[in-house]
Amino acid sequence: MKPIHIGESVAMGIEVKLPKTTLLVITTEKGYIMCGALDVGLLNERLSDRQIIAARAVGVKTLEELLSAPLESVTHTAEDFGIIAGMAGEEALIRMM
């Protein structure tokens with residue numbers, strides 16, 4: 001875990017080393033962005049009542065890459081906050097602050 005400074009705010013970066021893969025998450029109090037392991041479809045369909053603000057970037061291997069990578073998919077609730085596929089992870093986190 002490590003703090004991620006975004007402007008004057010701080011998010012929390014979490015890196016979990018697993019066999020043959022690494023899970024990456026950067027979280028704020030409102031939502032999070034994550035590597036390709038995030039199942040946005042599950043969040044939108046089966047957990048829609050939770051209104052989770054989340055987005056996913058694929059092909060990232062570090063927290064720094066997660067910040068700069070374009071988002072591949074976002075939850076419906078994230079869209080309500082102006083977070084869209086294609087935007088950089090850092091921009092999405094700013095909207096989640």
# chains A, B, ... in the order shown; residues from 1 in each chain; ligands from 1
call {"tool": "residues_around", "arguments": {"residues": "A:Thr27", "least_positions_apart": "2", "cutoff": "9 Å", "atoms": "only C-alpha atoms", "output": "ChimeraX atom specification"}}
result
/A:11-14,25,29-34,93,96
call {"tool": "residues_around", "arguments": {"residues": "A:Leu24", "least_positions_apart": "2", "cutoff": "7 Å", "atoms": "only C-alpha atoms", "output": "JSON, numbers by chain"}}
result
{"A": [14, 15, 16, 22, 26, 34, 35, 63]}
call {"tool": "closest_residue", "arguments": {"among": "A:Ile52, A:Leu42, A:Val58, A:Val10", "to": "A:Ala78", "atoms": "only C-alpha atoms"}}
result
A:Ile52
call {"tool": "select_by_dssp", "arguments": {"residues": "chain A", "states": "strand (DSSP E or B)", "output": "ChimeraX atom specification"}}
result
/A:2-6,9-18,21-27,31-34,53-56,70,73-74,88
call {"tool": "closest_residue", "arguments": {"among": "A:Gly89, A:Ile94, A:Ala55, A:Phe81", "to": "A:Leu38", "atoms": "only C-alpha atoms"}}
result
A:Ala55
call {"tool": "residues_around", "arguments": {"residues": "A:His76", "least_positions_apart": "2", "cutoff": "10 Å", "atoms": "only C-alpha atoms", "output": "PDB file with C-alpha atoms, in the first residue's frame"}}
result
ATOM      1  CA  VAL A  40     -17.396  -4.227 -14.386  1.00  0.00           C
ATOM      2  CA  GLY A  41     -20.250  -6.334 -15.788  1.00  0.00           C
ATOM      3  CA  LEU A  43     -20.820  -4.584 -10.675  1.00  0.00           C
ATOM      4  CA  ASN A  44     -23.325  -3.206 -13.207  1.00  0.00           C
ATOM      5  CA  GLU A  45     -25.610  -6.217 -13.281  1.00  0.00           C
ATOM      6  CA  SER A  48     -26.162  -2.575  -9.292  1.00  0.00           C
ATOM      7  CA  GLN A  51     -24.089   1.908  -6.972  1.00  0.00           C
ATOM      8  CA  ILE A  52     -20.333   1.278  -7.017  1.00  0.00           C
ATOM      9  CA  ILE A  53     -18.159   3.930  -8.634  1.00  0.00           C
ATOM     10  CA  ALA A  54     -15.405   1.957 -10.344  1.00  0.00           C
ATOM     11  CA  ALA A  55     -13.431   1.729 -13.561  1.00  0.00           C
ATOM     12  CA  SER A  73     -14.788   0.161 -18.974  1.00  0.00           C
ATOM     13  CA  VAL A  74     -16.624   1.964 -16.181  1.00  0.00           C
ATOM     14  CA  ALA A  78     -19.143   6.087 -12.488  1.00  0.00           C
ATOM     15  CA  GLU A  79     -20.709   7.471 -15.673  1.00  0.00           C
ATOM     16  CA  ASP A  80     -23.021   9.553 -13.473  1.00  0.00           C
ATOM     17  CA  PHE A  81     -19.854  11.231 -12.132  1.00  0.00           C
ATOM     18  CA  ILE A  83     -16.172   9.120 -15.770  1.00  0.00           C
ATOM     19  CA  ILE A  84     -16.068   7.567 -19.234  1.00  0.00           C
TER      20      ILE A  84
END
call {"tool": "atom_distance", "arguments": {"atom1": "atom CA of A:His5", "atom2": "atom CA of A:Ser68"}}
result
13.5 Å
call {"tool": "closest_residue", "arguments": {"among": "A:Ala88, A:Ile6, A:Leu47, A:Val60", "to": "A:Thr28", "atoms": "only C-alpha atoms"}}
result
A:Ile6
call {"tool": "select_by_dssp", "arguments": {"residues": "chain A", "states": "alpha helix (DSSP H)", "output": "PyMOL selection string"}}
result
chain A and resi 40-45+63-68+76-80+89-96
call {"tool": "atom_distance", "arguments": {"atom1": "atom CA of A:Thr21", "atom2": "atom CA of A:Ala92"}}
result
24.0 Å
call {"tool": "closest_residue", "arguments": {"among": "A:Lys2, A:Ala57, A:Ala85, A:Leu71", "to": "A:Gly36", "atoms": "only C-alpha atoms"}}
result
A:Ala57
call {"tool": "atom_distance", "arguments": {"atom1": "atom CA of A:Glu72", "atom2": "atom CA of A:Arg56"}}
result
5.7 Å
